[in-house]
Every structure is written in structure tokens, then in C-alpha cells.
Amino acid sequence: MRRALVEKRIIQELLGRVHIEDVVGTYVSLKRSGNSLRGLCPFHSETSPSFYVSPSKGVYYCFGCRAGGNAIKFLQEMEGKSFMEVVRELAEREGIEIPKEEFDRHRDEEEKQKFARRRRHLELLGKISEIYEKVLWQSPAGKNGRKYLEKRGIDEKIARDFRLGYAPPEGIGIESMLGKLHASLQDAQEVGLLKTGRDGKAYEIFRGRVIFPITITGGDVVAFSGRALPGTEEEEKTKYINSPESPYFRKGNILFGLPRALPHIRRNKRVIIVEGNFDVISMAQAGFENVVAPLGSALTPKHVEHLKRLDVGITLLFDGDAAGMRAAVKAGEVIIPSGISTGVALLPEGYDPHSLLIEKGKDAVEKVLDSSTELFDFLISEVSREAGDSEIERVKGLRKAWEILKQTPDDLVRVELLKKMAQAFKLNEREVRKHLGRQSDATQSYQPPNDFDDYKNAKQTRDVSFKREYEILLQAVMEYPSIAPQVFKLCKDVVEDFSVLKVLRVLADTIEQETDKQKIGTFILEEFFEREVFENNEIRDYVMSIAMNDAKLFESEDSAKKGIIDVLGKLKKEKLDREIEIINKKAKEARGKGNFDEYQKILIEKQNLCKQAKKIIF
Ligand SMILES: [Zn+2]
């Protein structure tokens with residue numbers, strides 16, 4: 001979305017001038033290896049390099065943690081800056097002028113207004129966030145907020161890092177400052193800062209609360225979460241409140257702390273999920289930076305979908321009391337279908353991460369994390385513990401556990417789980433299968449929910465016999481992207497590899513959506529990163545392994561086209577040869593049975609195929 005604020009042309013000019021090897025080179029020492037540049041990945045810890053840079057395509061990619069993108073993305077992730085910040089800095093360095101209020105000229109008026117409104121809204125939220133922050137640290141009214149943070153053991157440095165603020169009981173006078181902030185009453189209502197009371201007057205939603213700004217990647221504030229001060233009337237009403245949902249804020253989509261934690265999550269290959277905002281902050285204060293929390297609600301499939309894309313493991317760090325265990329079971333149910341490797345770490349009873357850190361220190365938390373249980377084992381033991389000892393109750397528990405566990409996408413894991421369940425519920429495997437009936441048939445294929453990884457099955461359809469041919473096809477298209485739509489049409493009926501076709505189609509789509517064909521350069525690969533097909537790790541790695549080969553395969557577009565025709569000819573011929581082989585068998589059979597009419601027909605069919613095959617070669 002932010003990208004649309006600057007004309008594409010400018011971004012392309014910028015990327016054309018910047019040398020990615022120089023940008024990356026200031027952080028990573030790159031060495032030539034074959035046809036590419038290679039180094040140790042700055043986004044995860046490793047001892048042998050799996051991080052590659054392609055100067056000709058202007059992109060980087062890590063085959064270890066799958067971080068990838070162009071120079072702008074690299075600086076965003078490396079320096080924790082927003083897209084616009086990086087663009088502005090690079091433009092200044094390269095002497096490119098970015099006109100103020102620059103919009104894509106092709107966008108129509110309505111779109112323009114939508115973007116203007118979004119920007120106005122986000123600016124309003126950003127400014128209000130700054131005011132809350134100022135009130136906390138600089139005004140007498142903020143004293144109670146400061147005292148509360150101190151009592152909770154949150155020091156100023158980390159509080160400022162999370163941009164915490166304070167809303168005094170009487171509010172901060174948002175309505176009266178709207179004019180100065182270039183926003184309307186309606187704006188303030190739409191972003192959830194003001195609400196209309198029964199008396200028709202607007203009043204502020206956050207009062208008498210410590211304020212946690214909720215941010216998205218790039219640093220924009222989209223909403224707030226507020227904790228009432230203890231012992232106040234507000235606290236009696238509700239301890240925590242969040243901004244109402246708005247076009248920018250859907251509670252079930254956002255994890256508190258994620259933008260800040262992202263580089264640490266990538267580096268650790270793990271995300272720790274805790275239950276509350278304060279837990280995230282005190283964990284960060286103690287040096288556990290890869291921590292997030294759902295916003296006062298349970299973990300949702302949307303959250304899990306986000307995390308799945310990061311391709312990291314999850315640790316649930318929950319309270320050890322009954323409520324915490326129930327929350328962990330619920331979270332587990334949501335995670336299981338994703339197949340993400342997950343551990344459950346339960347705190348000693350009576351503690352949350354925050355209080356354990358304060359009272360027993362970092363080591364105590366480290367110990368809890370180290371002793372985490374595999375999610376499957378946790379779920380089985382929880383459900384079996386809850387079930388009683390009688391056979392009826394054990395069978396009931398067994399069925400309940402299986403309802404959850406059978407959602408796991410891996411057949412082999414499911415077979416293992418049946419064994420584990422038998423043990424936990426003190427039944428033998430035959431009994432387990434009997435009680436679960438047909439459900440226990442572990443070979444029946446699990447159907448992932450529609451919105452989950454559409455490309456999951458790509459693996460089974462990979463066709464390795466033409467590996468080199470497919471590489472040539474993709475390389476030609478990457479070197480000369482403008483031919484992608486044509487190539488896709490030619491390949492549709494010939495290429496039998498599902499992944500290759502998907503990739504070609506996305507490249508073709510991207511090209512067709514670009515109105516100005518002159519603009520198409522290496523920039524296309526960057527757009528590609530944003531596409532859904534890239535969420536499949538195997539396809540991602542496959543495409544990038546080809547892209548990272550920096551040697552030019554074709555000197556010109558014409559030679560690329562010729563190369564493609566050669567490859568397609570070969571693939572077509574192989575396909576025809578296979579068909580001819582089948583027909584020869586059929587002919588032999590027909591003759592053997594003395595069915596000469598049939599034999600004649602087959603021979604004619606064969607002649608046609610042979611003619612086609614000849615045409616391809618000559
Ligand atoms: Zn990496």
C-alpha cells in the first residue's frame with residue numbers, strides 16, 4: 001500500500017542506480033562463488049553461507065531463512081526502517097528527486113482519495129501516539145502512569161522503545177486539537193479515538209490508561225491498547241481495552257510486538273507467543289526479543305497463517321495454571337493444521353512471564369523455555385489427564401484428542417500419534433483404531449482449509465526428468481521478462497511440472513498487469529516476492545536458486561526465444577514419443593487379437609503422431 005505513494009518509475013530508477021552488492025556489502029562480506037555472490041546471512045545465525053546476492057537481478061536471498069528482496073527491502077529489514085524512510089534516504093544519496101505528494105499518475109481520483117484518507121488517518125494516529133507518549137514522560141498528569149510502569153518493573157528505555165504512553169482520566173483533549181492536526185471529527189471516529197455518547201457528545205475512548213501503540217510493518221500506528229491503572233474505576237470496568245476495529249486494525253490479524261520482533265524471529269528461527277502486552281515488553285527488556293502476543297484474544301488461524309509464512313517454529317509460553325493450560329490447548333488446536341513445529345512451555349503456577357522475570361530473573365525463564373514439551377505430547381497428556389479412569393471416559397477423551405490431532409497435515413505423524421495416544425489412554429493400538437472407526441485411517445488425505453497454502457501439493461507433482469530444460473525456460477524469462485506471457489501460453493500444454501507452470505503464470509500475470517511494457521526490467525523479481533505463490537517454500541527456493549545464477553544464459557531476447565523453442569521442441573517430442581510407444585503397444589494387441597479394423601485405425605493415428613513429431617524437429 002505504501003508503495004503507491006511514490007510513483008513506480010521513481011522506485012525503478014532508484015533500484016536501477018543502486019548496486020545491491022554495495023548496499024548488502026556494508027553489512028555482509030560477500031565472496032564470489034561460481035556465478036553468484038555469497039555470504040553469511042545477517043538475518044539468522046549460521047556458520048556456512050546460504051545468503052546469496054545477484055547483482056544483475058538486484059536481489060538477495062537466503063536459502064536458510066528465506067529472507068529475500070531488493071535493496072530497499074534489505075535496508076528496511078536491516079535497519080528497521082519503513083519503506084518510505086529507506087526510499088527517501090536512498091533517493092537523497094543517489095540525487096533523485098521525489099516530488100512531494102507524488103502519486104501514481106494512472107490511479108484514478110477515487111483511489112487517490114482513498115490513499116489520501118489512509119494517510120491522513122495514519123498520520124493522525126501517529127501524532128496522537130506521540131502526544132500520549134509526551135503526556136507519560138513530560139507532564140504532571142503522567143505521573144501515575146510512570147509510577148505504575150515503575151512498579152511493574154518496566155524501565156524507561158524499553159517503555160520508550162515500545163512507544164508507551166499515558167491517557168489521563170480526563171483524556172488529552174483530542175477533539176479540541178483536531179484542527180491543528182488537520183483531521184476531522186469523522187476521522188477521529190473512524191480510527192477509533194472518539195466515540196459518540198448517548199448525549200450526542202464525542203468522548204475519548206482511552207482514559208486513565210497506560211497506552212500501548214499497535215504498529216504494523218513499517219512502523220505506522222494503526223490502533224491502541226490501553227491498560228487501566230490498578231484500583232481505579234476504569235479498571236473495575238475493564239482492565240484492557242483495544243481500539244475498535246477499523247479498516248487498518250483487525251484484532252484477529254495483528255500480533256502485538258510483531259514488527260519489532262520480526263528480525264529476531266528470523267534470526268532465532270522461532271517465535272515465542274505469550275499471553276499479554278506486558279509480557280512481550282518485559283521479555284524484550286530481559287533480552288528475549290522474538291516475542292509476540294495476540295491482542296487480548298485467543299490465537300486465530302489468521303495469526304497462524306502469518307507465522308507460517310515466516311517458516312519458523314513456535315513456542316507457546318503460557319501460565320501454568322488451569323486457565324493457562326486451557327489457553328494453550330486452544331492455541332494448539334489452531335496451530336495443528338498448519339504443521340508448524342511447536343513447543344509448549346508452561347510457567348510455574350502463580351507466575352506469568354513478567355512476574356517470573358522480576359522475581360527469579362532471566363535464567364528461570366530460560367529454563368522454562370528449554371524444558372518445553374512438543375505440542376502433540378502436551379495435547380495428548382492434557383486431554384488424557386482431564387479424562388477420568390473409566391473406559392467410557394477414556395474413549396471419550398481419545399476421540400476428543402483425535403479430533404484435534406487428526407488435523408495435522410503429515411500422514412506419517414498421524415500414524416505416530418495413534419501410537420502415542422494408545423499409550424496415554426492405556427489402550428492398545430487395535431482398540432484405538434476400533435474406537436476411532438474409519439477416522440483413524442491415517443492414509444486418508446487431510447484436506448487443508450481453503451485459505452491455507454494452496455500450493456502445498458506442488459511437491460508431489462514435481463517432474464525432475466527435465467530439470468535442466470525447465471531451468472532454461474525460467475532463466476530465459478527472468479532475463480527477458482517481457483516475453484513471459486508468450487512463453488506461458490506456449491508452455492501450458494507441454495510443461496507437465498506444476499511448480500514450473502505456476503511460476504510462469506505468475507510471471508506472465510505480473511507482466512500483463514504492467515501497463516507500460518518499457519518499464520519491465522529486473523524489477524519484476526521484486527514484485528514476484530509479494531505474490532502468493534512464493535508462500536510455498538519449495539517453489540520459493542526453486543525460483544531463487546535459478547535467479548541467483550548470475551551468468552547470463554542468453555545474449556539477446558531473440559536468442560532467448562530460440563532457446564525456449566528448442567526446449568519446448570524437445571519436451572513436445574518426448575511427450576509424442578511416449579504416446580507413440582503406447583500406440584505401438586495397442587497396435588500389437590489389436591493385431592494379436594485379429595482385430596484388423598482397429599489395427600488400421602491405430603496405424604493412421606500413429607502416422608499423424610509421427611508427422612507431428614517430425615515437424616518439431618525440422
Ligand atoms: Zn538467513
# chains A, B, ... in the order shown; residues from 1 in each chain; ligands from 1

$ residues_near_ligand --ligand "ligand 1" --cutoff "6 Å" --atoms "only C-alpha atoms and all ligand atoms" --output "VMD selection string"
chain A and resid 41 43 to 44 62 64 to 65 67

$ write_last_selection --atoms "N, CA, C and O atoms" --output "PDB file, in the first residue's frame"
ATOM      1  N   CYS A  41      24.435 -15.077   6.334  1.00  0.00           N
ATOM      2  CA  CYS A  41      23.161 -14.365   6.407  1.00  0.00           C
ATOM      3  C   CYS A  41      23.096 -13.462   7.640  1.00  0.00           C
ATOM      4  O   CYS A  41      23.388 -13.896   8.744  1.00  0.00           O
ATOM      5  N   PHE A  43      20.380 -12.269   8.799  1.00  0.00           N
ATOM      6  CA  PHE A  43      19.055 -12.391   9.412  1.00  0.00           C
ATOM      7  C   PHE A  43      18.892 -13.658  10.243  1.00  0.00           C
ATOM      8  O   PHE A  43      17.909 -13.831  10.927  1.00  0.00           O
ATOM      9  N   HIS A  44      19.818 -14.594  10.116  1.00  0.00           N
ATOM     10  CA  HIS A  44      19.784 -15.739  11.025  1.00  0.00           C
ATOM     11  C   HIS A  44      21.226 -16.165  11.266  1.00  0.00           C
ATOM     12  O   HIS A  44      22.115 -15.826  10.489  1.00  0.00           O
ATOM     13  N   CYS A  62      18.183 -15.688   1.050  1.00  0.00           N
ATOM     14  CA  CYS A  62      18.842 -16.628   1.947  1.00  0.00           C
ATOM     15  C   CYS A  62      18.114 -17.965   1.874  1.00  0.00           C
ATOM     16  O   CYS A  62      16.916 -18.026   2.120  1.00  0.00           O
ATOM     17  N   GLY A  64      18.613 -20.314   3.839  1.00  0.00           N
ATOM     18  CA  GLY A  64      18.443 -20.823   5.197  1.00  0.00           C
ATOM     19  C   GLY A  64      17.154 -20.330   5.823  1.00  0.00           C
ATOM     20  O   GLY A  64      16.335 -21.111   6.281  1.00  0.00           O
ATOM     21  N   CYS A  65      16.954 -18.999   5.831  1.00  0.00           N
ATOM     22  CA  CYS A  65      15.763 -18.460   6.499  1.00  0.00           C
ATOM     23  C   CYS A  65      14.782 -17.853   5.502  1.00  0.00           C
ATOM     24  O   CYS A  65      13.739 -17.352   5.882  1.00  0.00           O
ATOM     25  N   ALA A  67      14.807 -15.176   3.810  1.00  0.00           N
ATOM     26  CA  ALA A  67      14.666 -13.727   3.703  1.00  0.00           C
ATOM     27  C   ALA A  67      15.103 -13.357   2.294  1.00  0.00           C
ATOM     28  O   ALA A  67      16.053 -13.930   1.771  1.00  0.00           O
TER      29      ALA A  67
END

$ residues_around --residues "segment 221-225 of chain A" --least-positions-apart "2" --cutoff "6 Å" --atoms "only C-alpha atoms" --output "ChimeraX atom specification"
/A:125-126,211-215,241-243,248-249

$ atom_distance --atom1 "atom CA of Asp541 of chain A" --atom2 "atom CA of Ala560 of chain A"
23.2 Å

$ residues_around --residues "Leu553 of chain A" --least-positions-apart "6" --cutoff "9 Å" --atoms "only C-alpha atoms" --output "ChimeraX atom specification"
/A:472,475-476,479,560

$ write_last_selection --atoms "all heavy atoms" --output "mmCIF file, in the first residue's frame"
data_model
loop_
_atom_site.group_PDB
_atom_site.id
_atom_site.type_symbol
_atom_site.label_atom_id
_atom_site.label_comp_id
_atom_site.auth_asym_id
_atom_site.auth_seq_id
_atom_site.Cartn_x
_atom_site.Cartn_y
_atom_site.Cartn_z
ATOM 1 N N ILE A 472 16.262 -23.717 -18.038
ATOM 2 C CA ILE A 472 16.498 -22.840 -19.191
ATOM 3 C C ILE A 472 15.281 -21.960 -19.449
ATOM 4 O O ILE A 472 15.395 -20.752 -19.658
ATOM 5 C CB ILE A 472 16.848 -23.679 -20.447
ATOM 6 C CG1 ILE A 472 18.206 -24.363 -20.233
ATOM 7 C CG2 ILE A 472 16.876 -22.809 -21.700
ATOM 8 C CD1 ILE A 472 18.564 -25.376 -21.299
ATOM 9 N N GLN A 475 15.058 -19.305 -16.676
ATOM 10 C CA GLN A 475 16.145 -18.334 -16.774
ATOM 11 C C GLN A 475 15.912 -17.366 -17.936
ATOM 12 O O GLN A 475 16.119 -16.163 -17.806
ATOM 13 C CB GLN A 475 17.478 -19.062 -16.953
ATOM 14 C CG GLN A 475 18.652 -18.136 -16.738
ATOM 15 C CD GLN A 475 19.724 -18.776 -15.884
ATOM 16 O OE1 GLN A 475 19.706 -19.978 -15.658
ATOM 17 N NE2 GLN A 475 20.647 -17.989 -15.405
ATOM 18 N N ALA A 476 15.441 -17.901 -19.061
ATOM 19 C CA ALA A 476 15.168 -17.042 -20.220
ATOM 20 C C ALA A 476 14.128 -15.992 -19.854
ATOM 21 O O ALA A 476 14.267 -14.812 -20.181
ATOM 22 C CB ALA A 476 14.676 -17.893 -21.389
ATOM 23 N N GLU A 479 15.570 -13.366 -17.570
ATOM 24 C CA GLU A 479 16.474 -12.435 -18.243
ATOM 25 C C GLU A 479 15.709 -11.470 -19.144
ATOM 26 O O GLU A 479 16.086 -10.311 -19.290
ATOM 27 C CB GLU A 479 17.529 -13.213 -19.041
ATOM 28 C CG GLU A 479 18.604 -13.810 -18.137
ATOM 29 C CD GLU A 479 19.640 -14.640 -18.896
ATOM 30 O OE1 GLU A 479 19.715 -14.535 -20.133
ATOM 31 O OE2 GLU A 479 20.366 -15.407 -18.225
ATOM 32 N N ALA A 560 17.120 -15.846 -26.603
ATOM 33 C CA ALA A 560 16.320 -16.450 -25.535
ATOM 34 C C ALA A 560 15.111 -17.164 -26.126
ATOM 35 O O ALA A 560 14.782 -18.289 -25.750
ATOM 36 C CB ALA A 560 15.869 -15.383 -24.539
#

$ select_by_dssp --residues "segment 303-452 of chain A" --states "strand (DSSP E or B)" --output "list in words"
Gly313, Ile314, Thr315, Leu316, Leu317, Phe318, Thr342, Gly343, Val344, Ala345, Leu346, Thr373 and Glu374 of chain A

$ residues_around --residues "Gly563 of chain A" --least-positions-apart "4" --cutoff "12 Å" --atoms "only C-alpha atoms" --output "PDB file with all heavy atoms, in the first residue's frame"
ATOM      1  N   GLU A 469      15.957 -28.502 -18.614  1.00  0.00           N
ATOM      2  CA  GLU A 469      15.094 -27.817 -19.582  1.00  0.00           C
ATOM      3  C   GLU A 469      14.259 -26.738 -18.887  1.00  0.00           C
ATOM      4  O   GLU A 469      14.119 -25.625 -19.384  1.00  0.00           O
ATOM      5  CB  GLU A 469      14.162 -28.822 -20.281  1.00  0.00           C
ATOM      6  CG  GLU A 469      14.835 -29.659 -21.361  1.00  0.00           C
ATOM      7  CD  GLU A 469      15.752 -30.729 -20.792  1.00  0.00           C
ATOM      8  OE1 GLU A 469      15.627 -31.055 -19.585  1.00  0.00           O
ATOM      9  OE2 GLU A 469      16.611 -31.234 -21.543  1.00  0.00           O
ATOM     10  N   TYR A 470      13.707 -27.100 -17.735  1.00  0.00           N
ATOM     11  CA  TYR A 470      12.883 -26.123 -17.016  1.00  0.00           C
ATOM     12  C   TYR A 470      13.720 -24.939 -16.538  1.00  0.00           C
ATOM     13  O   TYR A 470      13.276 -23.799 -16.538  1.00  0.00           O
ATOM     14  CB  TYR A 470      12.186 -26.792 -15.822  1.00  0.00           C
ATOM     15  CG  TYR A 470      11.173 -27.831 -16.235  1.00  0.00           C
ATOM     16  CD1 TYR A 470      10.950 -28.964 -15.469  1.00  0.00           C
ATOM     17  CD2 TYR A 470      10.436 -27.670 -17.406  1.00  0.00           C
ATOM     18  CE1 TYR A 470      10.023 -29.918 -15.855  1.00  0.00           C
ATOM     19  CE2 TYR A 470       9.509 -28.621 -17.805  1.00  0.00           C
ATOM     20  CZ  TYR A 470       9.309 -29.750 -17.020  1.00  0.00           C
ATOM     21  OH  TYR A 470       8.396 -30.684 -17.406  1.00  0.00           O
ATOM     22  N   GLU A 471      14.941 -25.236 -16.138  1.00  0.00           N
ATOM     23  CA  GLU A 471      15.820 -24.152 -15.698  1.00  0.00           C
ATOM     24  C   GLU A 471      16.061 -23.165 -16.831  1.00  0.00           C
ATOM     25  O   GLU A 471      16.056 -21.957 -16.633  1.00  0.00           O
ATOM     26  CB  GLU A 471      17.160 -24.716 -15.217  1.00  0.00           C
ATOM     27  CG  GLU A 471      17.139 -25.087 -13.754  1.00  0.00           C
ATOM     28  CD  GLU A 471      18.400 -25.821 -13.325  1.00  0.00           C
ATOM     29  OE1 GLU A 471      19.440 -25.665 -14.005  1.00  0.00           O
ATOM     30  OE2 GLU A 471      18.323 -26.546 -12.332  1.00  0.00           O
ATOM     31  N   ILE A 472      16.262 -23.717 -18.038  1.00  0.00           N
ATOM     32  CA  ILE A 472      16.498 -22.840 -19.191  1.00  0.00           C
ATOM     33  C   ILE A 472      15.281 -21.960 -19.449  1.00  0.00           C
ATOM     34  O   ILE A 472      15.395 -20.752 -19.658  1.00  0.00           O
ATOM     35  CB  ILE A 472      16.848 -23.679 -20.447  1.00  0.00           C
ATOM     36  CG1 ILE A 472      18.206 -24.363 -20.233  1.00  0.00           C
ATOM     37  CG2 ILE A 472      16.876 -22.809 -21.700  1.00  0.00           C
ATOM     38  CD1 ILE A 472      18.564 -25.376 -21.299  1.00  0.00           C
ATOM     39  N   LEU A 473      14.084 -22.568 -19.379  1.00  0.00           N
ATOM     40  CA  LEU A 473      12.847 -21.802 -19.590  1.00  0.00           C
ATOM     41  C   LEU A 473      12.756 -20.635 -18.609  1.00  0.00           C
ATOM     42  O   LEU A 473      12.528 -19.483 -18.984  1.00  0.00           O
ATOM     43  CB  LEU A 473      11.621 -22.697 -19.382  1.00  0.00           C
ATOM     44  CG  LEU A 473      11.243 -23.672 -20.488  1.00  0.00           C
ATOM     45  CD1 LEU A 473      10.008 -24.462 -20.074  1.00  0.00           C
ATOM     46  CD2 LEU A 473      10.980 -22.924 -21.789  1.00  0.00           C
ATOM     47  N   LEU A 474      12.932 -20.953 -17.322  1.00  0.00           N
ATOM     48  CA  LEU A 474      12.756 -19.918 -16.294  1.00  0.00           C
ATOM     49  C   LEU A 474      13.845 -18.858 -16.383  1.00  0.00           C
ATOM     50  O   LEU A 474      13.594 -17.674 -16.204  1.00  0.00           O
ATOM     51  CB  LEU A 474      12.729 -20.554 -14.901  1.00  0.00           C
ATOM     52  CG  LEU A 474      11.474 -21.382 -14.623  1.00  0.00           C
ATOM     53  CD1 LEU A 474      11.574 -22.093 -13.287  1.00  0.00           C
ATOM     54  CD2 LEU A 474      10.234 -20.500 -14.642  1.00  0.00           C
ATOM     55  N   GLN A 475      15.058 -19.305 -16.676  1.00  0.00           N
ATOM     56  CA  GLN A 475      16.145 -18.334 -16.774  1.00  0.00           C
ATOM     57  C   GLN A 475      15.912 -17.366 -17.936  1.00  0.00           C
ATOM     58  O   GLN A 475      16.119 -16.163 -17.806  1.00  0.00           O
ATOM     59  CB  GLN A 475      17.478 -19.062 -16.953  1.00  0.00           C
ATOM     60  CG  GLN A 475      18.652 -18.136 -16.738  1.00  0.00           C
ATOM     61  CD  GLN A 475      19.724 -18.776 -15.884  1.00  0.00           C
ATOM     62  OE1 GLN A 475      19.706 -19.978 -15.658  1.00  0.00           O
ATOM     63  NE2 GLN A 475      20.647 -17.989 -15.405  1.00  0.00           N
ATOM     64  N   ALA A 476      15.441 -17.901 -19.061  1.00  0.00           N
ATOM     65  CA  ALA A 476      15.168 -17.042 -20.220  1.00  0.00           C
ATOM     66  C   ALA A 476      14.128 -15.992 -19.854  1.00  0.00           C
ATOM     67  O   ALA A 476      14.267 -14.812 -20.181  1.00  0.00           O
ATOM     68  CB  ALA A 476      14.676 -17.893 -21.389  1.00  0.00           C
ATOM     69  N   VAL A 477      13.079 -16.424 -19.140  1.00  0.00           N
ATOM     70  CA  VAL A 477      12.011 -15.494 -18.775  1.00  0.00           C
ATOM     71  C   VAL A 477      12.504 -14.464 -17.762  1.00  0.00           C
ATOM     72  O   VAL A 477      12.116 -13.304 -17.794  1.00  0.00           O
ATOM     73  CB  VAL A 477      10.795 -16.270 -18.227  1.00  0.00           C
ATOM     74  CG1 VAL A 477       9.775 -15.327 -17.648  1.00  0.00           C
ATOM     75  CG2 VAL A 477      10.174 -17.097 -19.334  1.00  0.00           C
ATOM     76  N   VAL A 487       5.557 -16.987 -23.433  1.00  0.00           N
ATOM     77  CA  VAL A 487       6.155 -18.259 -23.037  1.00  0.00           C
ATOM     78  C   VAL A 487       5.153 -19.104 -22.265  1.00  0.00           C
ATOM     79  O   VAL A 487       5.032 -20.307 -22.481  1.00  0.00           O
ATOM     80  CB  VAL A 487       7.429 -18.029 -22.185  1.00  0.00           C
ATOM     81  CG1 VAL A 487       7.983 -19.347 -21.668  1.00  0.00           C
ATOM     82  CG2 VAL A 487       8.471 -17.292 -22.997  1.00  0.00           C
ATOM     83  N   LEU A 553      22.551 -16.320 -19.615  1.00  0.00           N
ATOM     84  CA  LEU A 553      22.433 -17.509 -20.446  1.00  0.00           C
ATOM     85  C   LEU A 553      22.219 -17.108 -21.901  1.00  0.00           C
ATOM     86  O   LEU A 553      22.729 -17.735 -22.811  1.00  0.00           O
ATOM     87  CB  LEU A 553      21.258 -18.349 -19.940  1.00  0.00           C
ATOM     88  CG  LEU A 553      21.193 -19.802 -20.369  1.00  0.00           C
ATOM     89  CD1 LEU A 553      22.432 -20.549 -19.931  1.00  0.00           C
ATOM     90  CD2 LEU A 553      19.952 -20.455 -19.766  1.00  0.00           C
ATOM     91  N   PHE A 554      21.455 -16.025 -22.102  1.00  0.00           N
ATOM     92  CA  PHE A 554      21.132 -15.606 -23.466  1.00  0.00           C
ATOM     93  C   PHE A 554      21.590 -14.169 -23.703  1.00  0.00           C
ATOM     94  O   PHE A 554      21.312 -13.290 -22.899  1.00  0.00           O
ATOM     95  CB  PHE A 554      19.623 -15.717 -23.704  1.00  0.00           C
ATOM     96  CG  PHE A 554      19.110 -17.118 -23.560  1.00  0.00           C
ATOM     97  CD1 PHE A 554      18.378 -17.496 -22.448  1.00  0.00           C
ATOM     98  CD2 PHE A 554      19.389 -18.069 -24.534  1.00  0.00           C
ATOM     99  CE1 PHE A 554      17.916 -18.793 -22.312  1.00  0.00           C
ATOM    100  CE2 PHE A 554      18.932 -19.370 -24.400  1.00  0.00           C
ATOM    101  CZ  PHE A 554      18.199 -19.733 -23.289  1.00  0.00           C
ATOM    102  N   GLU A 555      22.270 -13.971 -24.837  1.00  0.00           N
ATOM    103  CA  GLU A 555      22.832 -12.659 -25.136  1.00  0.00           C
ATOM    104  C   GLU A 555      21.766 -11.646 -25.538  1.00  0.00           C
ATOM    105  O   GLU A 555      21.919 -10.453 -25.347  1.00  0.00           O
ATOM    106  CB  GLU A 555      23.888 -12.772 -26.243  1.00  0.00           C
ATOM    107  CG  GLU A 555      25.239 -13.230 -25.734  1.00  0.00           C
ATOM    108  CD  GLU A 555      25.674 -12.460 -24.485  1.00  0.00           C
ATOM    109  OE1 GLU A 555      25.587 -11.220 -24.476  1.00  0.00           O
ATOM    110  OE2 GLU A 555      26.078 -13.120 -23.499  1.00  0.00           O
ATOM    111  N   SER A 556      20.679 -12.150 -26.154  1.00  0.00           N
ATOM    112  CA  SER A 556      19.643 -11.229 -26.621  1.00  0.00           C
ATOM    113  C   SER A 556      18.277 -11.880 -26.448  1.00  0.00           C
ATOM    114  O   SER A 556      18.178 -13.080 -26.199  1.00  0.00           O
ATOM    115  CB  SER A 556      19.856 -10.914 -28.101  1.00  0.00           C
ATOM    116  OG  SER A 556      19.621 -12.092 -28.856  1.00  0.00           O
ATOM    117  N   GLU A 557      17.233 -11.061 -26.611  1.00  0.00           N
ATOM    118  CA  GLU A 557      15.884 -11.588 -26.491  1.00  0.00           C
ATOM    119  C   GLU A 557      15.641 -12.651 -27.560  1.00  0.00           C
ATOM    120  O   GLU A 557      15.010 -13.671 -27.306  1.00  0.00           O
ATOM    121  CB  GLU A 557      14.872 -10.444 -26.623  1.00  0.00           C
ATOM    122  CG  GLU A 557      13.478 -10.855 -26.206  1.00  0.00           C
ATOM    123  CD  GLU A 557      12.498  -9.687 -26.227  1.00  0.00           C
ATOM    124  OE1 GLU A 557      12.807  -8.656 -25.599  1.00  0.00           O
ATOM    125  OE2 GLU A 557      11.448  -9.821 -26.866  1.00  0.00           O
ATOM    126  N   ASP A 558      16.178 -12.409 -28.762  1.00  0.00           N
ATOM    127  CA  ASP A 558      15.985 -13.374 -29.842  1.00  0.00           C
ATOM    128  C   ASP A 558      16.619 -14.720 -29.517  1.00  0.00           C
ATOM    129  O   ASP A 558      16.028 -15.769 -29.752  1.00  0.00           O
ATOM    130  CB  ASP A 558      16.568 -12.835 -31.163  1.00  0.00           C
ATOM    131  CG  ASP A 558      15.591 -11.874 -31.832  1.00  0.00           C
ATOM    132  OD1 ASP A 558      14.396 -11.908 -31.437  1.00  0.00           O
ATOM    133  OD2 ASP A 558      16.017 -11.106 -32.702  1.00  0.00           O
ATOM    134  N   SER A 559      17.825 -14.666 -28.957  1.00  0.00           N
ATOM    135  CA  SER A 559      18.464 -15.945 -28.640  1.00  0.00           C
ATOM    136  C   SER A 559      17.723 -16.641 -27.498  1.00  0.00           C
ATOM    137  O   SER A 559      17.655 -17.862 -27.448  1.00  0.00           O
ATOM    138  CB  SER A 559      19.949 -15.753 -28.319  1.00  0.00           C
ATOM    139  OG  SER A 559      20.111 -15.048 -27.123  1.00  0.00           O
ATOM    140  N   VAL A 567      13.869 -25.912 -26.342  1.00  0.00           N
ATOM    141  CA  VAL A 567      13.465 -26.684 -25.168  1.00  0.00           C
ATOM    142  C   VAL A 567      12.056 -27.242 -25.349  1.00  0.00           C
ATOM    143  O   VAL A 567      11.798 -28.424 -25.110  1.00  0.00           O
ATOM    144  CB  VAL A 567      13.529 -25.814 -23.890  1.00  0.00           C
ATOM    145  CG1 VAL A 567      12.781 -26.486 -22.753  1.00  0.00           C
ATOM    146  CG2 VAL A 567      14.970 -25.563 -23.505  1.00  0.00           C
ATOM    147  N   LEU A 568      11.147 -26.370 -25.808  1.00  0.00           N
ATOM    148  CA  LEU A 568       9.768 -26.826 -25.967  1.00  0.00           C
ATOM    149  C   LEU A 568       9.683 -27.937 -27.009  1.00  0.00           C
ATOM    150  O   LEU A 568       8.923 -28.890 -26.855  1.00  0.00           O
ATOM    151  CB  LEU A 568       8.864 -25.653 -26.358  1.00  0.00           C
ATOM    152  CG  LEU A 568       8.616 -24.649 -25.232  1.00  0.00           C
ATOM    153  CD1 LEU A 568       7.760 -23.499 -25.725  1.00  0.00           C
ATOM    154  CD2 LEU A 568       7.970 -25.323 -24.036  1.00  0.00           C
ATOM    155  N   GLY A 569      10.491 -27.807 -28.064  1.00  0.00           N
ATOM    156  CA  GLY A 569      10.527 -28.853 -29.088  1.00  0.00           C
ATOM    157  C   GLY A 569      10.927 -30.181 -28.474  1.00  0.00           C
ATOM    158  O   GLY A 569      10.300 -31.214 -28.713  1.00  0.00           O
ATOM    159  N   LYS A 570      11.943 -30.129 -27.640  1.00  0.00           N
ATOM    160  CA  LYS A 570      12.423 -31.354 -27.021  1.00  0.00           C
ATOM    161  C   LYS A 570      11.337 -31.963 -26.114  1.00  0.00           C
ATOM    162  O   LYS A 570      11.076 -33.162 -26.153  1.00  0.00           O
ATOM    163  CB  LYS A 570      13.680 -31.044 -26.205  1.00  0.00           C
ATOM    164  CG  LYS A 570      14.330 -32.293 -25.679  1.00  0.00           C
ATOM    165  CD  LYS A 570      15.639 -32.011 -24.995  1.00  0.00           C
ATOM    166  CE  LYS A 570      16.098 -33.282 -24.302  1.00  0.00           C
ATOM    167  NZ  LYS A 570      17.062 -33.033 -23.260  1.00  0.00           N
TER     168      LYS A 570
END
